[in-house]
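Shown here: target30.txt, compact mmCIF, C-alpha atoms.
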```
# COMPACT_ATOMS: atom_id res chain seq x y z
CA MET O 1 -48.42 26.26 60.03
CA SER O 2 -50.02 27.71 56.90
CA ARG O 3 -47.53 25.80 54.73
CA PHE O 4 -48.48 22.57 56.47
CA ILE O 5 -52.19 23.29 55.85
CA ASP O 6 -51.45 24.09 52.18
CA CYS O 7 -49.51 20.82 51.77
CA PHE O 8 -52.30 18.84 53.44
CA HIS O 9 -54.87 20.51 51.17
CA LEU O 10 -52.76 19.71 48.09
CA ILE O 11 -52.47 16.06 49.11
CA SER O 12 -56.23 15.85 49.67
CA VAL O 13 -57.26 17.38 46.31
CA ASP O 14 -54.53 16.20 43.89
CA LYS O 15 -54.88 12.51 43.03
CA THR O 16 -51.31 12.16 41.81
CA ILE O 17 -49.75 13.73 44.89
CA ARG O 18 -52.12 11.80 47.16
CA SER O 19 -51.19 8.51 45.50
CA SER O 20 -47.48 9.31 45.75
CA PHE O 21 -47.87 10.30 49.39
CA ILE O 22 -49.75 7.13 50.36
CA ASN O 23 -47.28 4.99 48.37
CA LEU O 24 -44.47 6.67 50.28
CA LEU O 25 -46.17 6.00 53.62
CA LEU O 26 -46.55 2.32 52.72
CA LYS O 27 -42.85 1.98 51.88
CA PRO O 28 -41.59 1.99 55.50
CA VAL O 29 -44.02 -0.85 56.15
CA ASN O 30 -42.65 -2.60 53.07
CA LEU O 31 -39.09 -1.95 54.27
CA ILE O 32 -39.77 -3.41 57.72
CA LEU O 33 -41.32 -6.49 56.12
CA THR O 34 -38.30 -6.87 53.83
CA LEU O 35 -35.94 -6.56 56.80
CA VAL O 36 -37.85 -9.42 58.43
CA TYR O 37 -38.37 -11.46 55.28
CA THR O 38 -34.82 -11.60 53.82
CA PRO O 39 -32.90 -13.04 56.82
CA LEU O 40 -35.87 -15.30 57.57
CA LEU O 41 -35.82 -16.74 54.05
CA LEU O 42 -32.00 -16.97 54.05
CA SER O 43 -32.01 -18.90 57.34
CA TYR O 44 -34.72 -21.25 56.02
CA LEU O 45 -33.12 -21.99 52.64
CA GLY O 46 -29.38 -21.61 53.30
CA ASP O 47 -26.94 -19.88 50.92
CA THR O 48 -27.20 -22.31 47.99
CA ARG O 49 -30.99 -22.66 47.89
CA TYR O 50 -31.45 -18.94 48.58
CA GLY O 51 -29.30 -18.24 45.50
CA LEU O 52 -31.39 -20.72 43.48
CA TRP O 53 -34.62 -19.11 44.69
CA ALA O 54 -33.33 -15.67 43.63
CA ILE O 55 -32.72 -17.09 40.13
CA ILE O 56 -36.21 -18.64 40.06
CA LEU O 57 -37.71 -15.25 40.91
CA SER O 58 -35.77 -13.79 37.97
CA ILE O 59 -37.17 -16.46 35.64
CA ILE O 60 -40.68 -15.81 36.99
CA SER O 61 -40.27 -12.13 36.13
CA TRP O 62 -39.36 -13.15 32.55
CA VAL O 63 -42.65 -15.01 32.14
CA ASN O 64 -44.43 -11.99 33.59
CA TYR O 65 -43.27 -9.98 30.56
CA CYS O 66 -45.06 -12.35 28.17
CA ASP O 67 -48.37 -10.45 28.29
CA ILE O 68 -47.00 -8.74 25.10
CA GLY O 69 -47.46 -5.37 26.76
CA ILE O 70 -51.24 -5.69 27.10
CA GLY O 71 -51.19 -4.50 30.72
CA HIS O 72 -49.31 -1.28 29.90
CA GLY O 73 -51.31 -0.71 26.72
CA LEU O 74 -54.56 -1.17 28.66
CA ARG O 75 -53.37 1.30 31.30
CA ASN O 76 -52.72 4.09 28.77
CA ILE O 77 -55.95 3.56 26.82
CA LEU O 78 -58.14 3.34 29.92
CA ALA O 79 -56.65 6.51 31.43
CA LYS O 80 -57.94 8.44 28.39
CA GLU O 81 -61.33 6.69 28.41
CA PHE O 82 -61.83 7.30 32.13
CA THR O 83 -60.92 10.98 31.63
CA CYS O 84 -63.68 11.24 29.00
CA SER O 85 -66.08 9.16 31.19
CA ASP O 86 -66.54 6.77 28.27
CA TRP O 87 -67.51 3.80 30.47
CA LYS O 88 -68.99 1.71 27.66
CA LYS O 89 -65.77 1.92 25.64
CA ALA O 90 -63.77 1.20 28.79
CA LYS O 91 -65.83 -1.94 29.45
CA LYS O 92 -65.14 -3.14 25.88
CA THR O 93 -61.43 -2.41 26.26
CA ILE O 94 -61.19 -4.28 29.56
CA SER O 95 -63.20 -7.26 28.26
CA THR O 96 -61.04 -7.49 25.13
CA ALA O 97 -57.82 -7.30 27.15
CA TYR O 98 -58.88 -10.09 29.52
CA ILE O 99 -59.90 -12.40 26.67
CA ILE O 100 -56.68 -11.81 24.67
CA LEU O 101 -54.49 -12.35 27.72
CA SER O 102 -56.39 -15.50 28.72
CA PHE O 103 -55.63 -17.11 25.35
CA ILE O 104 -51.98 -16.06 25.64
CA ALA O 105 -51.87 -17.59 29.12
CA LEU O 106 -53.20 -20.93 27.88
CA PHE O 107 -50.55 -21.00 25.16
CA LEU O 108 -47.77 -20.06 27.59
CA LEU O 109 -48.97 -22.63 30.09
CA ALA O 110 -48.58 -25.42 27.54
CA ILE O 111 -45.13 -24.15 26.49
CA SER O 112 -43.99 -23.76 30.11
CA ILE O 113 -44.99 -27.32 31.01
CA VAL O 114 -43.01 -28.69 28.07
CA ILE O 115 -39.93 -26.56 28.83
CA SER O 116 -40.05 -27.27 32.58
CA LEU O 117 -40.13 -31.02 32.02
CA SER O 118 -37.63 -31.07 29.14
CA LEU O 119 -34.68 -29.00 30.40
CA ASN O 120 -32.03 -30.33 32.75
CA TRP O 121 -32.26 -27.59 35.36
CA LYS O 122 -29.31 -28.98 37.31
CA VAL O 123 -27.08 -28.13 34.35
CA VAL O 124 -28.75 -24.73 33.78
CA PHE O 125 -28.25 -23.71 37.43
CA SER O 126 -24.95 -25.57 37.92
CA THR O 127 -26.35 -27.28 41.02
CA ASP O 128 -27.11 -30.73 42.44
CA VAL O 129 -30.50 -29.58 43.81
CA GLU O 130 -33.56 -30.99 42.00
CA MET O 131 -35.37 -28.00 40.42
CA THR O 132 -37.91 -29.35 37.91
CA ASN O 133 -41.02 -29.39 40.13
CA THR O 134 -40.18 -26.02 41.67
CA ILE O 135 -39.82 -24.42 38.23
CA LEU O 136 -43.03 -26.02 36.96
CA ILE O 137 -45.13 -24.91 39.95
CA SER O 138 -43.69 -21.39 39.82
CA MET O 139 -44.42 -21.11 36.08
CA VAL O 140 -48.04 -22.25 36.47
CA PHE O 141 -48.73 -19.73 39.22
CA ILE O 142 -47.11 -16.77 37.48
CA ILE O 143 -49.00 -17.40 34.23
CA LEU O 144 -52.32 -17.56 36.08
CA ASN O 145 -51.38 -14.49 38.09
CA PHE O 146 -50.49 -12.25 35.18
CA VAL O 147 -54.06 -12.57 33.85
CA LEU O 148 -55.43 -11.70 37.28
CA ALA O 149 -52.88 -8.85 37.53
CA LEU O 150 -54.78 -6.89 34.86
CA SER O 151 -56.76 -5.53 37.79
CA ASN O 152 -53.60 -3.60 38.73
CA SER O 153 -53.52 -1.92 35.30
CA ILE O 154 -57.12 -0.81 35.82
CA LEU O 155 -56.28 0.60 39.25
CA TYR O 156 -53.33 2.52 37.76
CA ALA O 157 -55.63 3.99 35.09
CA LEU O 158 -58.07 5.01 37.84
CA GLN O 159 -55.10 6.74 39.56
CA LEU O 160 -55.31 4.34 42.49
CA SER O 161 -51.69 3.14 42.47
CA GLU O 162 -51.65 3.28 46.28
CA ARG O 163 -54.09 0.36 46.33
CA VAL O 164 -51.66 -1.72 44.25
CA ALA O 165 -48.92 -0.88 46.76
CA PHE O 166 -51.18 -1.91 49.65
CA LEU O 167 -51.88 -5.26 48.00
CA GLY O 168 -48.13 -5.80 47.69
CA VAL O 169 -47.80 -5.29 51.45
CA ILE O 170 -50.55 -7.85 52.08
CA VAL O 171 -48.75 -10.42 49.91
CA GLN O 172 -45.51 -9.83 51.84
CA ILE O 173 -47.25 -10.35 55.18
CA ILE O 174 -48.79 -13.62 53.97
CA ASN O 175 -45.38 -14.80 52.72
CA ILE O 176 -43.64 -14.00 56.02
CA ILE O 177 -46.29 -15.88 58.00
CA GLY O 178 -45.96 -18.75 55.53
CA ILE O 179 -42.16 -18.92 55.89
CA LEU O 180 -42.49 -19.01 59.67
CA LEU O 181 -44.83 -21.98 59.34
CA LEU O 182 -42.46 -23.65 56.87
CA LYS O 183 -39.53 -23.22 59.28
CA ALA O 184 -41.54 -25.00 61.95
CA THR O 185 -42.64 -27.88 59.71
CA THR O 186 -40.15 -28.33 56.83
CA ASN O 187 -36.50 -27.74 55.93
CA GLU O 188 -35.12 -26.04 52.77
CA ASN O 189 -38.15 -27.10 50.70
CA LEU O 190 -38.24 -25.09 47.46
CA ILE O 191 -41.37 -26.85 46.19
CA VAL O 192 -43.52 -25.84 49.16
CA LEU O 193 -42.01 -22.33 49.04
CA SER O 194 -43.02 -21.94 45.38
CA ILE O 195 -46.61 -22.94 46.27
CA LEU O 196 -46.63 -20.39 49.10
CA PHE O 197 -45.38 -17.51 46.96
CA GLY O 198 -47.56 -18.28 43.94
CA GLY O 199 -50.65 -19.02 46.02
CA SER O 200 -50.41 -15.87 48.17
CA SER O 201 -50.30 -13.62 45.09
CA MET O 202 -53.18 -15.49 43.45
CA ILE O 203 -55.44 -15.16 46.49
CA VAL O 204 -54.78 -11.42 46.78
CA TYR O 205 -55.32 -10.86 43.03
CA VAL O 206 -58.62 -12.77 43.06
CA VAL O 207 -59.96 -10.81 46.05
CA ASN O 208 -58.80 -7.53 44.49
CA THR O 209 -60.48 -8.34 41.15
CA ILE O 210 -63.78 -9.19 42.84
CA GLN O 211 -63.73 -5.98 44.90
CA LEU O 212 -62.73 -3.85 41.91
CA PHE O 213 -65.64 -4.90 39.69
CA LYS O 214 -68.05 -4.86 42.62
CA LYS O 215 -67.24 -1.16 43.12
CA TRP O 216 -67.22 -0.36 39.38
CA PRO O 217 -69.76 -2.82 37.87
CA ASN O 218 -70.08 -0.66 34.73
CA ILE O 219 -66.58 -1.78 33.61
CA LYS O 220 -66.85 -5.44 34.62
CA PRO O 221 -65.52 -7.61 31.75
CA SER O 222 -67.90 -9.69 29.69
CA CYS O 223 -67.27 -12.13 26.83
CA CYS O 224 -70.03 -10.54 24.76
CA MET O 225 -68.23 -7.15 24.97
CA PHE O 226 -65.16 -8.43 23.09
CA ASP O 227 -64.37 -6.02 20.24
CA ARG O 228 -61.91 -6.94 17.48
CA SER O 229 -61.30 -3.30 16.58
CA ILE O 230 -59.95 -2.66 20.08
CA VAL O 231 -57.43 -5.49 19.69
CA LYS O 232 -55.50 -3.32 17.24
CA ASP O 233 -55.57 -0.30 19.61
CA ILE O 234 -54.25 -2.35 22.52
CA SER O 235 -51.75 -4.26 20.37
CA ASN O 236 -50.23 -1.20 18.66
CA ILE O 237 -48.95 0.34 21.87
CA GLY O 238 -48.88 -2.99 23.71
CA ILE O 239 -46.35 -4.58 21.35
CA LYS O 240 -44.06 -1.55 21.75
CA PHE O 241 -44.21 -1.93 25.51
CA PHE O 242 -43.61 -5.65 25.06
CA ILE O 243 -40.39 -5.03 23.13
CA ILE O 244 -39.27 -2.61 25.86
CA GLN O 245 -40.14 -5.25 28.48
CA LEU O 246 -38.12 -7.93 26.68
CA ALA O 247 -35.14 -5.58 26.44
CA GLY O 248 -35.60 -4.70 30.10
CA LEU O 249 -35.61 -8.40 30.88
CA THR O 250 -32.08 -8.83 29.52
CA LEU O 251 -30.96 -5.61 31.21
CA PHE O 252 -32.47 -5.97 34.67
CA THR O 253 -33.14 -9.63 35.43
CA VAL O 254 -30.43 -11.85 33.93
CA ASP O 255 -27.53 -10.94 36.22
CA ASN O 256 -28.45 -13.60 38.80
CA LEU O 257 -28.54 -16.28 36.10
CA ILE O 258 -25.24 -15.14 34.53
CA ILE O 259 -23.52 -15.14 37.92
CA SER O 260 -24.90 -18.58 38.80
CA HIS O 261 -23.83 -20.03 35.44
CA LEU O 262 -20.34 -18.51 35.51
CA PHE O 263 -19.49 -18.66 39.21
CA GLY O 264 -22.04 -20.94 40.93
CA ALA O 265 -25.28 -20.34 42.90
CA GLU O 266 -23.34 -19.48 46.09
CA GLU O 267 -22.06 -16.25 44.47
CA VAL O 268 -25.63 -15.13 43.78
CA THR O 269 -26.40 -14.73 47.50
CA PRO O 270 -24.06 -11.77 48.37
CA PHE O 271 -24.91 -10.13 45.04
CA ASN O 272 -28.63 -10.53 45.71
CA ILE O 273 -28.35 -9.13 49.24
CA VAL O 274 -26.61 -5.98 47.92
CA PHE O 275 -29.24 -5.75 45.18
CA ARG O 276 -32.10 -6.13 47.69
CA VAL O 277 -30.83 -3.38 49.99
CA PHE O 278 -30.42 -0.81 47.21
CA ASN O 279 -33.56 -1.94 45.43
CA THR O 280 -35.57 -1.49 48.63
CA LEU O 281 -34.35 2.09 48.86
CA TYR O 282 -35.06 2.64 45.16
CA SER O 283 -38.61 1.28 45.64
CA PHE O 284 -39.40 4.41 47.70
CA PHE O 285 -38.50 6.56 44.70
CA ALA O 286 -40.42 4.27 42.34
CA ALA O 287 -43.48 4.60 44.59
CA ILE O 288 -43.39 8.36 44.07
CA CYS O 289 -42.98 8.03 40.27
CA ILE O 290 -45.73 5.44 39.64
CA PRO O 291 -48.80 7.76 39.69
CA TYR O 292 -47.12 10.17 37.25
CA TRP O 293 -47.44 7.70 34.36
CA SER O 294 -51.25 7.73 34.14
CA LYS O 295 -51.46 11.37 35.21
CA THR O 296 -49.17 12.29 32.29
CA THR O 297 -51.52 10.43 29.92
CA ILE O 298 -54.42 12.49 31.30
CA ALA O 299 -52.41 15.75 31.14
CA PHE O 300 -51.59 15.12 27.47
CA ALA O 301 -55.24 14.38 26.72
CA GLU O 302 -56.10 17.76 28.30
CA ASN O 303 -53.09 19.56 26.68
CA ASP O 304 -51.82 20.48 30.15
CA TYR O 305 -48.10 20.53 29.30
CA LYS O 306 -47.30 23.02 32.05
CA TRP O 307 -48.23 20.35 34.61
CA VAL O 308 -45.87 17.88 32.91
CA ARG O 309 -42.95 20.34 33.01
CA ASN O 310 -43.56 21.10 36.70
CA ALA O 311 -43.88 17.38 37.47
CA ILE O 312 -40.47 16.67 35.88
CA LYS O 313 -38.80 19.45 37.88
CA GLY O 314 -40.34 18.14 41.11
CA LEU O 315 -39.25 14.56 40.40
CA TYR O 316 -35.66 15.66 39.72
CA ARG O 317 -35.53 17.42 43.10
CA ILE O 318 -36.73 14.25 44.79
CA CYS O 319 -34.26 12.17 42.75
CA PHE O 320 -31.35 14.28 44.06
CA ILE O 321 -32.36 13.42 47.64
CA PHE O 322 -32.35 9.72 46.77
CA VAL O 323 -28.90 10.02 45.16
CA LEU O 324 -27.55 11.24 48.50
CA MET O 325 -29.33 8.36 50.25
CA TYR O 326 -27.76 5.79 47.88
CA ILE O 327 -24.29 7.18 48.62
CA ILE O 328 -24.87 7.08 52.40
CA THR O 329 -26.15 3.50 52.08
CA ALA O 330 -22.98 2.46 50.23
CA ILE O 331 -20.81 4.00 52.97
CA VAL O 332 -22.55 2.24 55.90
CA PHE O 333 -23.56 -0.91 54.01
CA LYS O 334 -21.27 -3.61 55.48
CA PRO O 335 -21.68 -3.04 59.23
CA VAL O 336 -25.43 -2.35 58.98
CA VAL O 337 -26.16 -5.40 56.80
CA ALA O 338 -23.96 -7.64 59.02
CA LEU O 339 -26.04 -6.51 62.02
CA TRP O 340 -29.27 -7.12 60.06
CA LEU O 341 -28.36 -10.62 58.84
CA GLY O 342 -26.58 -11.62 62.04
CA ARG O 343 -23.45 -12.56 60.09
CA GLU O 344 -21.06 -11.17 57.48
CA LEU O 345 -21.09 -12.14 53.82
CA ASP O 346 -18.12 -12.12 51.46
CA TYR O 347 -18.69 -9.24 49.00
CA GLN O 348 -16.39 -8.89 46.01
CA PRO O 349 -14.49 -5.56 46.18
CA GLY O 350 -16.31 -2.85 44.23
CA LEU O 351 -19.72 -4.60 44.19
CA ILE O 352 -21.39 -2.20 46.65
CA GLU O 353 -20.03 0.91 44.91
CA VAL O 354 -21.06 -0.29 41.45
CA MET O 355 -24.55 -1.18 42.74
CA CYS O 356 -24.82 2.33 44.21
CA LEU O 357 -23.93 3.93 40.85
CA TYR O 358 -26.35 1.60 39.07
CA TYR O 359 -29.29 2.76 41.17
CA ILE O 360 -28.38 6.44 40.83
CA LEU O 361 -28.55 6.07 37.04
CA PHE O 362 -31.55 3.73 37.17
CA SER O 363 -33.52 6.32 39.17
CA ILE O 364 -32.90 8.90 36.43
CA VAL O 365 -34.07 6.37 33.83
CA ALA O 366 -37.21 5.59 35.86
CA LEU O 367 -38.04 9.28 36.28
CA ASN O 368 -37.90 9.95 32.54
CA THR O 369 -39.52 6.72 31.33
CA HIS O 370 -42.56 7.09 33.61
CA ILE O 371 -43.30 10.42 31.93
CA ILE O 372 -42.41 9.17 28.43
CA ASN O 373 -44.61 6.10 28.86
CA GLY O 374 -47.47 8.36 29.88
CA THR O 375 -47.13 10.32 26.63
CA GLY O 376 -47.35 7.09 24.62
CA LYS O 377 -44.49 8.33 22.41
CA ILE O 378 -42.16 5.41 23.01
CA ASN O 379 -40.63 4.66 19.58
CA PHE O 380 -37.17 5.95 20.58
CA GLN O 381 -37.38 3.97 23.82
CA VAL O 382 -38.16 0.81 21.82
CA VAL O 383 -35.08 1.26 19.60
CA LEU O 384 -32.63 2.18 22.37
CA MET O 385 -33.81 -0.48 24.83
CA SER O 386 -33.64 -3.13 22.10
CA PHE O 387 -30.04 -2.17 21.33
CA LEU O 388 -29.00 -2.13 24.99
CA GLY O 389 -30.82 -5.39 25.67
CA VAL O 390 -29.01 -7.19 22.85
CA ILE O 391 -25.51 -6.20 23.96
CA ASN O 392 -25.99 -6.54 27.75
CA ILE O 393 -25.43 -10.30 28.12
CA PRO O 394 -22.29 -10.56 25.93
CA LEU O 395 -20.89 -7.38 27.52
CA SER O 396 -21.56 -8.76 31.03
CA VAL O 397 -19.82 -12.05 30.20
CA PHE O 398 -16.90 -10.17 28.62
CA PHE O 399 -16.40 -7.97 31.69
CA ALA O 400 -16.80 -10.90 34.09
CA LYS O 401 -14.63 -13.52 32.35
CA GLU O 402 -12.42 -11.93 29.70
CA ILE O 403 -11.43 -8.84 31.70
CA GLY O 404 -11.58 -10.84 34.94
CA LEU O 405 -13.85 -8.54 36.95
CA GLY O 406 -15.98 -11.44 38.19
CA VAL O 407 -19.39 -10.72 39.75
CA VAL O 408 -18.70 -6.97 39.75
CA GLY O 409 -18.14 -7.08 35.98
CA VAL O 410 -21.64 -8.42 35.41
CA ARG O 411 -23.25 -5.47 37.19
CA LEU O 412 -20.72 -2.94 35.84
CA ALA O 413 -21.64 -3.82 32.24
CA THR O 414 -25.32 -3.22 32.97
CA THR O 415 -24.49 0.03 34.80
CA ILE O 416 -22.65 1.42 31.76
CA LEU O 417 -25.67 0.67 29.56
CA ILE O 418 -28.06 2.19 32.10
CA GLY O 419 -25.86 5.32 32.04
CA ILE O 420 -26.38 5.57 28.26
CA ALA O 421 -30.14 5.18 28.80
CA ALA O 422 -30.22 7.86 31.53
CA VAL O 423 -28.66 10.49 29.27
CA SER O 424 -30.61 9.45 26.15
CA PHE O 425 -34.07 9.38 27.78
CA SER O 426 -33.52 12.78 29.41
CA ILE O 427 -32.79 14.26 25.97
CA ASN O 428 -35.67 12.32 24.39
CA LEU O 429 -38.24 13.55 26.92
CA ASN O 430 -37.20 17.17 26.43
CA TYR O 431 -37.46 16.69 22.65
CA ILE O 432 -40.99 15.20 22.93
CA LEU O 433 -42.25 18.09 25.05
CA LYS O 434 -40.66 20.81 22.89
CA LYS O 435 -42.08 19.27 19.70
CA ILE O 436 -45.61 19.01 21.10
CA GLU O 437 -45.50 22.51 22.60
CA ARG O 438 -44.41 23.96 19.20
CA ASN O 439 -47.29 22.19 17.45
CA VAL O 440 -49.81 23.47 20.01
CA MET O 441 -48.51 27.04 19.81
```

Just give me the structure of the file as structure tokens.
Amino acid sequence: MSRFIDCFHLISVDKTIRSSFINLLLKPVNLILTLVYTPLLLSYLGDTRYGLWAIILSIISWVNYCDIGIGHGLRNILAKEFTCSDWKKAKKTISTAYIILSFIALFLLAISIVISLSLNWKVVFSTDVEMTNTILISMVFIILNFVLALSNSILYALQLSERVAFLGVIVQIINIIGILLLKATTNENLIVLSILFGGSSMIVYVVNTIQLFKKWPNIKPSCCMFDRSIVKDISNIGIKFFIIQLAGLTLFTVDNLIISHLFGAEEVTPFNIVFRVFNTLYSFFAAICIPYWSKTTIAFAENDYKWVRNAIKGLYRICFIFVLMYIITAIVFKPVVALWLGRELDYQPGLIEVMCLYYILFSIVALNTHIINGTGKINFQVVLMSFLGVINIPLSVFFAKEIGLGVVGVRLATTILIGIAAVSFSINLNYILKKIERNVM
């Protein structure tokens, strides 16, 4: 009983643990919504259009990286300014970030319109389905939304990551209700679906932004608070994060497109279902890790390296539990997913096992990079991720076509590279901490 009281007290007083705990509580809700959402969307779109929609979501995530790292840079800088209660500087930083990103968004919007109308998307996706309007609408929404999404970076810096998770749940609920309405009124309409998904996120972001600056009016952005000197501060770390994001783009989001181009959109569907199941499980672990990024920034500002060491040990213990869960998921995958979807899909032999290994290694990468990102010492991460990002696509194609491993080869290539990252970042984090601790002592 006393242990329970101690745990409850720790959750109530420690912001990081409280955020992780609330994030973890929200994940079962997220899981239930995903279990409802995926078969609902699959039944509405059918295999081919579902595969195309999965690819569109990948492309949307690419555009989301085009904030040149401003969101992550803002998060790190604000965490330090909030720790020092420097609200005036924080207001300048936020105002500058919003103005910079707004100009970037206008530029990207123009480029996206030209690209969307110029490319023959039927050839790109190897499909007969008309995709131009769907791509254009999706691009417009995501560009508008990544400016509004700066509110999430501010919430992370305030150590309120649980609020970001809650907003994600709200968006999912809106999307599920929307799909139910679409099933009753339309049939396999990707254009209307893109409006639903883009519009739901935009509405939630707008409401969140209004509420955020209503509660903290002293950091509300203003055009007159733009400060050129802060542009350099945000850009220095922001550009590094941007390079990491671009490398991550080629590592984590291109598999759907490669599979569609090499084997057709129909092959994306079973791959995406396997990905979704394991990614949903991984999202529980990610929810625990998220608050540790900004808390690490604060700990470094306060020279509290003992907290960082203890945090890493705790995260590794949790990671081991998730490794066991990934393995169990791989063992029971086929019968459980067949029951969930109401039908069986044709999975290429080895796909489930390779996806399991991928997420084991990816969890180790996530654990280390959340702490490394919080330190701001990301030069090694920039170099390694750039190297891995460059070789991922040709290696995936080589494994899939030249060796003849098919869809499994695409994910296996990425898994090998993620394995290199897992080992390298573990060593890098230990090096960073030892070097700083020597300098302090």

In terms of the shortest atom-to-atom distance over all atoms listed in the file, which of O:Ala299, O:Phe263, O:Ala286, O:Ile70 is closest to Gly404 of chain O?
->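 Smallest separation from Gly404 of chain O among the options: O:Phe263.
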
Figure out the distance between atom CA of Phe284 of chain O and atom CA of Ile371 of chain O, please, to one decimal in Å.
-> 17.3 Å

For Arg163 of chain O, which of O:Phe197, O:Tyr205, O:Phe241, O:Phe425 is the closest residue, counting all atoms listed in the file?
-> O:Tyr205

Could you name the residues that touch Ile230 of chain O at 8 Å or less, counting all atoms listed in the file, but leaving out those on the same chain fewer than 2 positions away, as a list in words?
->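 Counting only the stated atoms, we get Lys92, Thr93, Thr96, Asp227, Arg228, Lys232, Asp233 and Ile234 of chain O.
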
Grab the atom CA of Ile239 of chain O to atom CA of Leu212 of chain O distance for me, in Å with one decimal place.
->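 Between these atoms lies a distance of 26.3 Å.
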
At what distance in Å, to one decimal, does atom CA of Phe275 of chain O lie from atom CA of Lys334 of chain O?
->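 Separation between atom CA of Lys334 of chain O and atom CA of Phe275 of chain O: 13.2 Å.
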
Long-range neighbours of segment 354-362 of chain O as a list in words, 6 Å cut-off, all atoms listed in the file, 6 positions minimum in chain = Val323, Tyr326, Thr415 and Gly419 of chain O

Expected file contents, prior selection, C-alpha atoms, as a PDB file, keeping the file's coordinate frame:
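Dumped everything to result.pdb:
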```pdb
ATOM      1  CA  VAL O 323     -28.900  10.020  45.160  1.00  0.00           C
ATOM      2  CA  TYR O 326     -27.760   5.790  47.880  1.00  0.00           C
ATOM      3  CA  THR O 415     -24.490   0.030  34.800  1.00  0.00           C
ATOM      4  CA  GLY O 419     -25.860   5.320  32.040  1.00  0.00           C
TER       5      GLY O 419
END
```
